>>> print(open('upload18.pdb').read())   # PDB, C-alpha atoms and all ligand atoms
ATOM      1  CA  MET A   1     188.083-134.647 -27.037  1.00  0.00           C
ATOM      2  CA  LYS A   2     187.635-138.409 -27.093  1.00  0.00           C
ATOM      3  CA  LYS A   3     185.982-138.303 -23.701  1.00  0.00           C
ATOM      4  CA  LYS A   4     183.526-135.644 -24.857  1.00  0.00           C
ATOM      5  CA  ILE A   5     182.446-137.704 -27.842  1.00  0.00           C
ATOM      6  CA  GLY A   6     182.014-140.717 -25.592  1.00  0.00           C
ATOM      7  CA  PHE A   7     179.797-138.781 -23.204  1.00  0.00           C
ATOM      8  CA  ALA A   8     177.727-137.326 -26.042  1.00  0.00           C
ATOM      9  CA  THR A   9     177.250-140.781 -27.521  1.00  0.00           C
ATOM     10  CA  VAL A  10     176.091-142.187 -24.195  1.00  0.00           C
ATOM     11  CA  MET A  11     173.649-139.295 -23.712  1.00  0.00           C
ATOM     12  CA  LEU A  12     172.333-139.781 -27.235  1.00  0.00           C
ATOM     13  CA  LEU A  13     171.816-143.493 -26.599  1.00  0.00           C
ATOM     14  CA  VAL A  14     170.027-142.757 -23.319  1.00  0.00           C
ATOM     15  CA  ALA A  15     167.794-140.212 -25.027  1.00  0.00           C
ATOM     16  CA  LEU A  16     167.025-142.636 -27.855  1.00  0.00           C
ATOM     17  CA  SER A  17     166.198-145.455 -25.485  1.00  0.00           C
ATOM     18  CA  ILE A  18     163.822-143.227 -23.502  1.00  0.00           C
ATOM     19  CA  LEU A  19     162.170-142.046 -26.697  1.00  0.00           C
ATOM     20  CA  SER A  20     161.805-145.542 -28.084  1.00  0.00           C
ATOM     21  CA  THR A  21     160.304-146.772 -24.795  1.00  0.00           C
ATOM     22  CA  ARG A  22     157.711-144.001 -24.902  1.00  0.00           C
ATOM     23  CA  PHE A  23     157.008-144.834 -28.510  1.00  0.00           C
ATOM     24  CA  TYR A  24     156.525-148.468 -27.624  1.00  0.00           C
ATOM     25  CA  GLU A  25     154.014-147.555 -24.928  1.00  0.00           C
ATOM     26  CA  VAL A  26     151.869-145.136 -26.885  1.00  0.00           C
ATOM     27  CA  SER A  27     152.049-146.452 -30.396  1.00  0.00           C
ATOM     28  CA  LEU A  28     150.953-150.059 -30.757  1.00  0.00           C
ATOM     29  CA  PRO A  29     150.681-149.918 -34.564  1.00  0.00           C
ATOM     30  CA  VAL A  30     154.416-149.115 -34.743  1.00  0.00           C
ATOM     31  CA  TRP A  31     155.115-151.970 -32.358  1.00  0.00           C
ATOM     32  CA  HIS A  32     153.010-154.192 -34.606  1.00  0.00           C
ATOM     33  CA  LEU A  33     154.963-153.158 -37.718  1.00  0.00           C
ATOM     34  CA  LEU A  34     158.163-154.083 -35.916  1.00  0.00           C
ATOM     35  CA  GLY A  35     156.878-157.623 -35.590  1.00  0.00           C
ATOM     36  CA  GLY A  36     155.471-157.430 -32.054  1.00  0.00           C
ATOM     37  CA  GLY A  37     152.227-159.224 -32.860  1.00  0.00           C
ATOM     38  CA  ASN A  38     151.192-162.359 -34.697  1.00  0.00           C
ATOM     39  CA  GLY A  39     147.640-161.244 -35.344  1.00  0.00           C
ATOM     40  CA  PRO A  40     145.569-158.399 -36.715  1.00  0.00           C
ATOM     41  CA  ASP A  41     146.789-154.818 -36.547  1.00  0.00           C
ATOM     42  CA  PRO A  42     144.830-153.124 -33.714  1.00  0.00           C
ATOM     43  CA  ALA A  43     144.607-149.906 -35.749  1.00  0.00           C
ATOM     44  CA  THR A  44     142.760-151.481 -38.678  1.00  0.00           C
ATOM     45  CA  LEU A  45     140.595-154.121 -36.973  1.00  0.00           C
ATOM     46  CA  HIS A  46     137.364-152.447 -38.051  1.00  0.00           C
ATOM     47  CA  LEU A  47     138.523-151.903 -41.614  1.00  0.00           C
ATOM     48  CA  ARG A  48     139.741-155.265 -42.852  1.00  0.00           C
ATOM     49  CA  GLY A  49     140.283-158.879 -41.947  1.00  0.00           C
ATOM     50  CA  GLU A  50     138.599-161.310 -39.617  1.00  0.00           C
ATOM     51  CA  PHE A  51     137.350-158.729 -37.108  1.00  0.00           C
ATOM     52  CA  VAL A  52     135.337-156.410 -39.360  1.00  0.00           C
ATOM     53  CA  GLU A  53     131.946-155.613 -37.852  1.00  0.00           C
ATOM     54  CA  SER A  54     129.929-157.931 -40.117  1.00  0.00           C
ATOM     55  CA  ASN A  55     132.058-160.852 -38.919  1.00  0.00           C
ATOM     56  CA  LEU A  56     131.573-160.313 -35.169  1.00  0.00           C
ATOM     57  CA  GLY A  57     129.287-162.318 -32.907  1.00  0.00           C
ATOM     58  CA  ALA A  58     128.330-165.971 -33.345  1.00  0.00           C
ATOM     59  CA  ALA A  59     128.535-167.604 -36.773  1.00  0.00           C
ATOM     60  CA  GLN A  60     128.876-171.126 -38.128  1.00  0.00           C
ATOM     61  CA  ASP A  61     132.338-171.699 -39.578  1.00  0.00           C
ATOM     62  CA  ARG A  62     133.259-174.002 -42.471  1.00  0.00           C
ATOM     63  CA  GLU A  63     134.073-176.924 -40.183  1.00  0.00           C
ATOM     64  CA  GLY A  64     130.613-176.686 -38.659  1.00  0.00           C
ATOM     65  CA  PHE A  65     131.830-175.131 -35.410  1.00  0.00           C
ATOM     66  CA  LEU A  66     130.068-172.196 -33.934  1.00  0.00           C
ATOM     67  CA  THR A  67     132.617-169.394 -33.660  1.00  0.00           C
ATOM     68  CA  VAL A  68     132.195-166.199 -31.676  1.00  0.00           C
ATOM     69  CA  ARG A  69     134.431-163.312 -32.714  1.00  0.00           C
ATOM     70  CA  MET A  70     134.799-160.331 -30.399  1.00  0.00           C
ATOM     71  CA  ILE A  71     136.839-157.186 -29.984  1.00  0.00           C
ATOM     72  CA  ALA A  72     137.655-155.720 -26.577  1.00  0.00           C
ATOM     73  CA  GLN A  73     138.398-152.019 -26.544  1.00  0.00           C
ATOM     74  CA  GLN A  74     138.400-149.216 -23.987  1.00  0.00           C
ATOM     75  CA  TYR A  75     135.742-149.595 -22.542  1.00  0.00           C
ATOM     76  CA  VAL A  76     133.349-151.901 -24.333  1.00  0.00           C
ATOM     77  CA  PHE A  77     133.156-155.320 -25.878  1.00  0.00           C
ATOM     78  CA  VAL A  78     132.030-155.567 -29.474  1.00  0.00           C
ATOM     79  CA  PRO A  79     129.459-157.019 -29.634  1.00  0.00           C
ATOM     80  CA  GLN A  80     128.415-155.861 -26.193  1.00  0.00           C
ATOM     81  CA  CYS A  81     125.992-158.788 -25.893  1.00  0.00           C
ATOM     82  CA  ILE A  82     126.701-162.207 -27.384  1.00  0.00           C
ATOM     83  CA  ILE A  83     124.240-165.036 -27.777  1.00  0.00           C
ATOM     84  CA  VAL A  84     125.178-168.724 -27.928  1.00  0.00           C
ATOM     85  CA  PRO A  85     123.404-172.077 -27.576  1.00  0.00           C
ATOM     86  CA  ALA A  86     123.811-174.213 -24.456  1.00  0.00           C
ATOM     87  CA  GLY A  87     125.514-177.583 -24.487  1.00  0.00           C
ATOM     88  CA  VAL A  88     127.662-177.273 -27.617  1.00  0.00           C
ATOM     89  CA  PRO A  89     131.351-176.396 -27.831  1.00  0.00           C
ATOM     90  CA  ILE A  90     131.868-172.812 -28.961  1.00  0.00           C
ATOM     91  CA  ARG A  91     135.089-171.471 -30.355  1.00  0.00           C
ATOM     92  CA  PHE A  92     135.930-167.959 -29.165  1.00  0.00           C
ATOM     93  CA  ARG A  93     138.335-165.744 -31.056  1.00  0.00           C
ATOM     94  CA  ILE A  94     139.068-162.393 -29.477  1.00  0.00           C
ATOM     95  CA  THR A  95     141.519-159.562 -29.900  1.00  0.00           C
ATOM     96  CA  SER A  96     141.937-156.060 -28.510  1.00  0.00           C
ATOM     97  CA  ALA A  97     141.932-152.703 -30.245  1.00  0.00           C
ATOM     98  CA  ASP A  98     144.062-151.055 -27.538  1.00  0.00           C
ATOM     99  CA  ALA A  99     145.074-152.289 -24.089  1.00  0.00           C
ATOM    100  CA  VAL A 100     145.071-155.781 -22.570  1.00  0.00           C
ATOM    101  CA  HIS A 101     141.621-156.765 -21.304  1.00  0.00           C
ATOM    102  CA  MET A 102     140.516-159.839 -19.387  1.00  0.00           C
ATOM    103  CA  LEU A 103     136.980-161.138 -19.787  1.00  0.00           C
ATOM    104  CA  SER A 104     135.491-163.389 -17.201  1.00  0.00           C
ATOM    105  CA  PHE A 105     132.140-165.048 -17.712  1.00  0.00           C
ATOM    106  CA  LEU A 106     130.606-164.589 -14.250  1.00  0.00           C
ATOM    107  CA  GLY A 107     128.967-167.721 -12.927  1.00  0.00           C
ATOM    108  CA  THR A 108     131.212-169.994 -15.033  1.00  0.00           C
ATOM    109  CA  ASP A 109     134.850-171.050 -14.810  1.00  0.00           C
ATOM    110  CA  TYR A 110     135.672-169.466 -18.142  1.00  0.00           C
ATOM    111  CA  GLY A 111     137.769-166.419 -18.963  1.00  0.00           C
ATOM    112  CA  LEU A 112     139.613-164.964 -21.942  1.00  0.00           C
ATOM    113  CA  LYS A 113     142.448-162.510 -22.324  1.00  0.00           C
ATOM    114  CA  ALA A 114     142.262-159.976 -25.152  1.00  0.00           C
ATOM    115  CA  VAL A 115     145.689-158.782 -26.292  1.00  0.00           C
ATOM    116  CA  PRO A 116     146.311-156.196 -29.025  1.00  0.00           C
ATOM    117  CA  GLY A 117     148.031-157.654 -32.075  1.00  0.00           C
ATOM    118  CA  THR A 118     147.152-161.209 -31.061  1.00  0.00           C
ATOM    119  CA  VAL A 119     144.131-163.471 -31.428  1.00  0.00           C
ATOM    120  CA  THR A 120     143.252-165.486 -28.331  1.00  0.00           C
ATOM    121  CA  GLU A 121     141.323-168.643 -29.104  1.00  0.00           C
ATOM    122  CA  ALA A 122     139.512-170.972 -26.715  1.00  0.00           C
ATOM    123  CA  ARG A 123     136.666-173.479 -26.791  1.00  0.00           C
ATOM    124  CA  PHE A 124     133.998-173.365 -24.115  1.00  0.00           C
ATOM    125  CA  THR A 125     130.777-175.283 -23.581  1.00  0.00           C
ATOM    126  CA  PHE A 126     128.137-173.535 -21.483  1.00  0.00           C
ATOM    127  CA  SER A 127     125.931-176.142 -19.842  1.00  0.00           C
ATOM    128  CA  LYS A 128     123.445-173.761 -18.173  1.00  0.00           C
ATOM    129  CA  THR A 129     121.140-171.352 -19.972  1.00  0.00           C
ATOM    130  CA  GLY A 130     120.831-167.807 -18.638  1.00  0.00           C
ATOM    131  CA  GLU A 131     122.352-164.364 -18.724  1.00  0.00           C
ATOM    132  CA  PHE A 132     125.963-164.073 -17.642  1.00  0.00           C
ATOM    133  CA  LYS A 133     127.752-160.783 -17.090  1.00  0.00           C
ATOM    134  CA  ILE A 134     131.194-160.362 -18.657  1.00  0.00           C
ATOM    135  CA  PRO A 135     133.204-157.870 -16.602  1.00  0.00           C
ATOM    136  CA  CYS A 136     136.740-156.876 -17.537  1.00  0.00           C
ATOM    137  CA  HIS A 137     139.179-158.174 -14.922  1.00  0.00           C
ATOM    138  CA  GLU A 138     142.349-156.497 -16.153  1.00  0.00           C
ATOM    139  CA  PHE A 139     142.786-152.831 -15.260  1.00  0.00           C
ATOM    140  CA  CYS A 140     142.728-151.139 -18.658  1.00  0.00           C
ATOM    141  CA  GLY A 141     142.238-147.445 -17.879  1.00  0.00           C
ATOM    142  CA  ALA A 142     139.828-144.894 -16.435  1.00  0.00           C
ATOM    143  CA  GLY A 143     136.655-146.628 -17.621  1.00  0.00           C
ATOM    144  CA  HIS A 144     137.744-150.117 -16.603  1.00  0.00           C
ATOM    145  CA  TYR A 145     135.239-150.600 -13.773  1.00  0.00           C
ATOM    146  CA  ALA A 146     132.289-149.876 -16.073  1.00  0.00           C
ATOM    147  CA  MET A 147     133.518-152.249 -18.769  1.00  0.00           C
ATOM    148  CA  ARG A 148     131.165-155.190 -18.946  1.00  0.00           C
ATOM    149  CA  GLY A 149     129.422-157.172 -21.617  1.00  0.00           C
ATOM    150  CA  GLN A 150     126.804-159.886 -21.496  1.00  0.00           C
ATOM    151  CA  LEU A 151     126.526-163.484 -22.598  1.00  0.00           C
ATOM    152  CA  ASP A 152     123.070-164.961 -23.245  1.00  0.00           C
ATOM    153  CA  VAL A 153     123.071-168.747 -23.264  1.00  0.00           C
ATOM    154  CA  VAL A 154     119.837-170.022 -24.822  1.00  0.00           C
ATOM    155  CA  PRO A 155     118.479-173.513 -25.561  1.00  0.00           C
ATOM    156  CA  GLN A 156     119.797-175.007 -28.804  1.00  0.00           C
ATOM    157  CA  ASP A 157     116.426-174.972 -30.602  1.00  0.00           C
ATOM    158  CA  GLN A 158     115.945-171.292 -29.749  1.00  0.00           C
ATOM    159  CA  PHE A 159     119.394-170.486 -31.131  1.00  0.00           C
ATOM    160  CA  SER A 160     118.713-172.534 -34.279  1.00  0.00           C
ATOM    161  CA  SER A 161     115.609-170.470 -35.004  1.00  0.00           C
ATOM    162  CA  LEU A 162     117.657-167.237 -35.106  1.00  0.00           C
ATOM    163  CA  ARG A 163     118.629-165.830 -38.472  1.00  0.00           C
ATOM    164  CA  PRO A 164     122.365-165.248 -39.051  1.00  0.00           C
ATOM    165  CA  GLY A 165     121.955-161.503 -38.418  1.00  0.00           C
ATOM    166  CA  GLU A 166     120.281-162.190 -35.087  1.00  0.00           C
ATOM    167  CA  ARG A 167     123.235-164.309 -33.986  1.00  0.00           C
ATOM    168  CA  ARG A 168     125.612-161.352 -34.209  1.00  0.00           C
ATOM    169  CA  THR A 169     124.440-159.741 -30.983  1.00  0.00           C
ATOM    170  CA  CYS A 170     121.630-159.853 -28.436  1.00  0.00           C
ATOM    171  CA  GLY A 171     122.030-156.154 -27.657  1.00  0.00           C
ATOM    172  CA  PRO A 172     120.547-153.192 -29.469  1.00  0.00           C
ATOM    173  CA  GLY A 173     122.428-153.175 -32.808  1.00  0.00           C
TER     174      GLY A 173
HETATM  175 CU    CU B   1     139.498-153.426 -17.994  1.00  0.00          CU
END
>>> encode(input="upload18.pdb", output="structure tokens", more="lines below")
Ligand SMILES: [Cu+2]
Amino acid sequence: MKKKIGFATVMLLVALSILSTRFYEVSLPVWHLLGGGNGPDPATLHLRGEFVESNLGAAQDREGFLTVRMIAQQYVFVPQCIIVPAGVPIRFRITSADAVHMLSFLGTDYGLKAVPGTVTEARFTFSKTGEFKIPCHEFCGAGHYAMRGQLDVVPQDQFSSLRPGERRTCGPG
């Protein structure tokens, strides 16, 4: 009798561990509630907090820094096209709405990892003006190879002449 209970307990524990692993893989919001992230909840990024749509793209922050906020999600970057001035340090803050993504700014040495539940922050200065492609370099699913954004680096005076709304994105919308 004792042996039977022991076996049943072990089987129950095995079943629970398999179930919880699956849960962990498919349900990031649950993982987040359990304390797995130190940043915004991937499930509500668009609804509240720092990464709501009106807050994305380039904007001057209170300290006078230019901050670019972005979301990476299967299989786009939001905004898809970002515009920044050349020659000034730019603070990037990025998170992911789903899987881990890796942005690389082609033609520069810079890259950024986007992790769900976490905000990655970095400061970059782009010395050259031009258009730089931003492919995803971390396999993130079926559409990974088509996942690419764009960075437009423009002269400082051109950027200064843009209205705040025009600094959000250089793409359509
Ligand atoms: Cu990817």
>>> residues_around(input="upload18.pdb", residues="Asp109 (chain A)", least_positions_apart="3", cutoff="12 Å", atoms="only C-alpha atoms", output="list in words")
Leu103, Ser104, Phe105, Leu106, Leu112, Phe124, Thr125, Phe126, Ser127, Phe132 and Ile134 of chain A
>>> resolve_selection(input="upload18.pdb", expression="the PyMOL selection byres (((chain A and resi 81-95) around 7) and not hetatm)", output="MDAnalysis selection string")
chainID A and resid 57:58 65:72 79:80 96:97 114:116 118:129 149:156 159 167:171
>>> write_last_selection(input="upload18.pdb", atoms="C-alpha atoms", output="PDB file, keeping the file's coordinate frame")
ATOM      1  CA  GLY A  57     129.287-162.318 -32.907  1.00  0.00           C
ATOM      2  CA  ALA A  58     128.330-165.971 -33.345  1.00  0.00           C
ATOM      3  CA  PHE A  65     131.830-175.131 -35.410  1.00  0.00           C
ATOM      4  CA  LEU A  66     130.068-172.196 -33.934  1.00  0.00           C
ATOM      5  CA  THR A  67     132.617-169.394 -33.660  1.00  0.00           C
ATOM      6  CA  VAL A  68     132.195-166.199 -31.676  1.00  0.00           C
ATOM      7  CA  ARG A  69     134.431-163.312 -32.714  1.00  0.00           C
ATOM      8  CA  MET A  70     134.799-160.331 -30.399  1.00  0.00           C
ATOM      9  CA  ILE A  71     136.839-157.186 -29.984  1.00  0.00           C
ATOM     10  CA  ALA A  72     137.655-155.720 -26.577  1.00  0.00           C
ATOM     11  CA  PRO A  79     129.459-157.019 -29.634  1.00  0.00           C
ATOM     12  CA  GLN A  80     128.415-155.861 -26.193  1.00  0.00           C
ATOM     13  CA  SER A  96     141.937-156.060 -28.510  1.00  0.00           C
ATOM     14  CA  ALA A  97     141.932-152.703 -30.245  1.00  0.00           C
ATOM     15  CA  ALA A 114     142.262-159.976 -25.152  1.00  0.00           C
ATOM     16  CA  VAL A 115     145.689-158.782 -26.292  1.00  0.00           C
ATOM     17  CA  PRO A 116     146.311-156.196 -29.025  1.00  0.00           C
ATOM     18  CA  THR A 118     147.152-161.209 -31.061  1.00  0.00           C
ATOM     19  CA  VAL A 119     144.131-163.471 -31.428  1.00  0.00           C
ATOM     20  CA  THR A 120     143.252-165.486 -28.331  1.00  0.00           C
ATOM     21  CA  GLU A 121     141.323-168.643 -29.104  1.00  0.00           C
ATOM     22  CA  ALA A 122     139.512-170.972 -26.715  1.00  0.00           C
ATOM     23  CA  ARG A 123     136.666-173.479 -26.791  1.00  0.00           C
ATOM     24  CA  PHE A 124     133.998-173.365 -24.115  1.00  0.00           C
ATOM     25  CA  THR A 125     130.777-175.283 -23.581  1.00  0.00           C
ATOM     26  CA  PHE A 126     128.137-173.535 -21.483  1.00  0.00           C
ATOM     27  CA  SER A 127     125.931-176.142 -19.842  1.00  0.00           C
ATOM     28  CA  LYS A 128     123.445-173.761 -18.173  1.00  0.00           C
ATOM     29  CA  THR A 129     121.140-171.352 -19.972  1.00  0.00           C
ATOM     30  CA  GLY A 149     129.422-157.172 -21.617  1.00  0.00           C
ATOM     31  CA  GLN A 150     126.804-159.886 -21.496  1.00  0.00           C
ATOM     32  CA  LEU A 151     126.526-163.484 -22.598  1.00  0.00           C
ATOM     33  CA  ASP A 152     123.070-164.961 -23.245  1.00  0.00           C
ATOM     34  CA  VAL A 153     123.071-168.747 -23.264  1.00  0.00           C
ATOM     35  CA  VAL A 154     119.837-170.022 -24.822  1.00  0.00           C
ATOM     36  CA  PRO A 155     118.479-173.513 -25.561  1.00  0.00           C
ATOM     37  CA  GLN A 156     119.797-175.007 -28.804  1.00  0.00           C
ATOM     38  CA  PHE A 159     119.394-170.486 -31.131  1.00  0.00           C
ATOM     39  CA  ARG A 167     123.235-164.309 -33.986  1.00  0.00           C
ATOM     40  CA  ARG A 168     125.612-161.352 -34.209  1.00  0.00           C
ATOM     41  CA  THR A 169     124.440-159.741 -30.983  1.00  0.00           C
ATOM     42  CA  CYS A 170     121.630-159.853 -28.436  1.00  0.00           C
ATOM     43  CA  GLY A 171     122.030-156.154 -27.657  1.00  0.00           C
TER      44      GLY A 171
END
>>> resolve_selection(input="upload18.pdb", expression="the PyMOL selection byres (((not hetatm)) within 9 of (chain B and resi 1))", output="ChimeraX atom specification")
/A:73-76,99-103,135-148
>>> atom_distance(input="upload18.pdb", atom1="CA of Glu63 (chain A)", atom2="CA of Arg48 (chain A)")
22.5 Å
>>> atom_distance(input="upload18.pdb", atom1="CA of Gln158 (chain A)", atom2="CA of Phe77 (chain A)")
23.8 Å
>>> atom_distance(input="upload18.pdb", atom1="CA of Gly165 (chain A)", atom2="CA of Leu45 (chain A)")
20.1 Å
>>> residues_around(input="upload18.pdb", residues="Asp41 (chain A)", least_positions_apart="2", cutoff="6 Å", atoms="only C-alpha atoms", output="number ranges by chain")
A: 43-44, 117
>>> write_last_selection(input="upload18.pdb", atoms="C-alpha atoms", output="mmCIF file, in the frame of the given file")
data_model
loop_
_atom_site.group_PDB
_atom_site.id
_atom_site.type_symbol
_atom_site.label_atom_id
_atom_site.label_comp_id
_atom_site.auth_asym_id
_atom_site.auth_seq_id
_atom_site.Cartn_x
_atom_site.Cartn_y
_atom_site.Cartn_z
ATOM 1 C CA ALA A 43 144.607 -149.906 -35.749
ATOM 2 C CA THR A 44 142.760 -151.481 -38.678
ATOM 3 C CA GLY A 117 148.031 -157.654 -32.075
#
>>> closest_residue(input="upload18.pdb", among="A:Ser160, A:Thr108, A:Asn55, A:Gln60", to="Glu131 (chain A)", atoms="only C-alpha atoms")
A:Thr108
>>> decode(input="upload18.pdb", residues="region 68-137 of chain A", atoms="C-alpha atoms", output="PDB file, in the first residue's frame")
ATOM      1  CA  VAL A  68      13.847  55.869 -28.765  1.00  0.00           C
ATOM      2  CA  ARG A  69      11.278  53.386 -27.481  1.00  0.00           C
ATOM      3  CA  MET A  70      10.530  50.277 -29.521  1.00  0.00           C
ATOM      4  CA  ILE A  71       8.664  47.007 -29.290  1.00  0.00           C
ATOM      5  CA  ALA A  72       9.821  43.869 -31.087  1.00  0.00           C
ATOM      6  CA  GLN A  73       7.122  41.329 -31.808  1.00  0.00           C
ATOM      7  CA  GLN A  74       6.616  38.427 -34.199  1.00  0.00           C
ATOM      8  CA  TYR A  75       7.480  39.583 -36.885  1.00  0.00           C
ATOM      9  CA  VAL A  76       7.787  43.345 -36.896  1.00  0.00           C
ATOM     10  CA  PHE A  77       9.381  46.175 -35.007  1.00  0.00           C
ATOM     11  CA  VAL A  78       7.137  48.942 -33.754  1.00  0.00           C
ATOM     12  CA  PRO A  79       7.808  51.484 -35.107  1.00  0.00           C
ATOM     13  CA  GLN A  80       8.981  49.694 -38.221  1.00  0.00           C
ATOM     14  CA  CYS A  81      11.086  52.712 -39.217  1.00  0.00           C
ATOM     15  CA  ILE A  82      12.831  54.932 -36.679  1.00  0.00           C
ATOM     16  CA  ILE A  83      14.416  58.287 -37.348  1.00  0.00           C
ATOM     17  CA  VAL A  84      17.247  59.798 -35.297  1.00  0.00           C
ATOM     18  CA  PRO A  85      19.793  62.604 -35.688  1.00  0.00           C
ATOM     19  CA  ALA A  86      23.455  61.869 -36.402  1.00  0.00           C
ATOM     20  CA  GLY A  87      26.218  62.648 -33.951  1.00  0.00           C
ATOM     21  CA  VAL A  88      24.269  62.752 -30.681  1.00  0.00           C
ATOM     22  CA  PRO A  89      23.941  60.004 -28.079  1.00  0.00           C
ATOM     23  CA  ILE A  90      20.562  58.291 -28.278  1.00  0.00           C
ATOM     24  CA  ARG A  91      19.071  56.215 -25.525  1.00  0.00           C
ATOM     25  CA  PHE A  92      17.265  53.105 -26.757  1.00  0.00           C
ATOM     26  CA  ARG A  93      14.687  51.335 -24.639  1.00  0.00           C
ATOM     27  CA  ILE A  94      13.236  48.176 -26.116  1.00  0.00           C
ATOM     28  CA  THR A  95      11.129  45.259 -24.997  1.00  0.00           C
ATOM     29  CA  SER A  96       9.403  42.322 -26.658  1.00  0.00           C
ATOM     30  CA  ALA A  97       5.744  41.390 -26.833  1.00  0.00           C
ATOM     31  CA  ASP A  98       6.487  37.675 -27.310  1.00  0.00           C
ATOM     32  CA  ALA A  99       9.750  35.879 -28.060  1.00  0.00           C
ATOM     33  CA  VAL A 100      13.372  37.003 -27.723  1.00  0.00           C
ATOM     34  CA  HIS A 101      14.481  39.098 -30.699  1.00  0.00           C
ATOM     35  CA  MET A 102      17.897  40.491 -31.559  1.00  0.00           C
ATOM     36  CA  LEU A 103      18.175  43.697 -33.557  1.00  0.00           C
ATOM     37  CA  SER A 104      21.340  44.529 -35.363  1.00  0.00           C
ATOM     38  CA  PHE A 105      21.846  47.874 -37.037  1.00  0.00           C
ATOM     39  CA  LEU A 106      23.499  46.775 -40.293  1.00  0.00           C
ATOM     40  CA  GLY A 107      26.513  48.859 -41.202  1.00  0.00           C
ATOM     41  CA  THR A 108      27.192  49.783 -37.551  1.00  0.00           C
ATOM     42  CA  ASP A 109      28.607  47.904 -34.574  1.00  0.00           C
ATOM     43  CA  TYR A 110      25.388  48.265 -32.624  1.00  0.00           C
ATOM     44  CA  GLY A 111      22.818  45.667 -31.622  1.00  0.00           C
ATOM     45  CA  LEU A 112      20.055  45.254 -29.057  1.00  0.00           C
ATOM     46  CA  LYS A 113      18.310  42.276 -27.543  1.00  0.00           C
ATOM     47  CA  ALA A 114      14.560  42.495 -26.960  1.00  0.00           C
ATOM     48  CA  VAL A 115      13.368  40.232 -24.144  1.00  0.00           C
ATOM     49  CA  PRO A 116       9.743  39.852 -23.024  1.00  0.00           C
ATOM     50  CA  GLY A 117       9.134  41.165 -19.518  1.00  0.00           C
ATOM     51  CA  THR A 118      12.370  43.155 -19.536  1.00  0.00           C
ATOM     52  CA  VAL A 119      13.468  46.544 -20.836  1.00  0.00           C
ATOM     53  CA  THR A 120      16.857  46.582 -22.549  1.00  0.00           C
ATOM     54  CA  GLU A 121      18.519  49.977 -22.492  1.00  0.00           C
ATOM     55  CA  ALA A 122      21.577  51.163 -24.403  1.00  0.00           C
ATOM     56  CA  ARG A 123      23.070  54.420 -25.650  1.00  0.00           C
ATOM     57  CA  PHE A 124      24.341  54.658 -29.203  1.00  0.00           C
ATOM     58  CA  THR A 125      25.724  57.509 -31.277  1.00  0.00           C
ATOM     59  CA  PHE A 126      25.387  57.133 -35.041  1.00  0.00           C
ATOM     60  CA  SER A 127      28.130  59.124 -36.736  1.00  0.00           C
ATOM     61  CA  LYS A 128      27.059  58.528 -40.360  1.00  0.00           C
ATOM     62  CA  THR A 129      23.785  59.635 -41.910  1.00  0.00           C
ATOM     63  CA  GLY A 130      21.896  57.171 -44.101  1.00  0.00           C
ATOM     64  CA  GLU A 131      19.419  54.337 -44.082  1.00  0.00           C
ATOM     65  CA  PHE A 132      20.351  51.278 -42.066  1.00  0.00           C
ATOM     66  CA  LYS A 133      18.430  48.016 -42.150  1.00  0.00           C
ATOM     67  CA  ILE A 134      17.556  46.397 -38.819  1.00  0.00           C
ATOM     68  CA  PRO A 135      17.227  42.639 -39.308  1.00  0.00           C
ATOM     69  CA  CYS A 136      16.332  40.308 -36.456  1.00  0.00           C
ATOM     70  CA  HIS A 137      19.297  38.068 -35.642  1.00  0.00           C
TER      71      HIS A 137
END
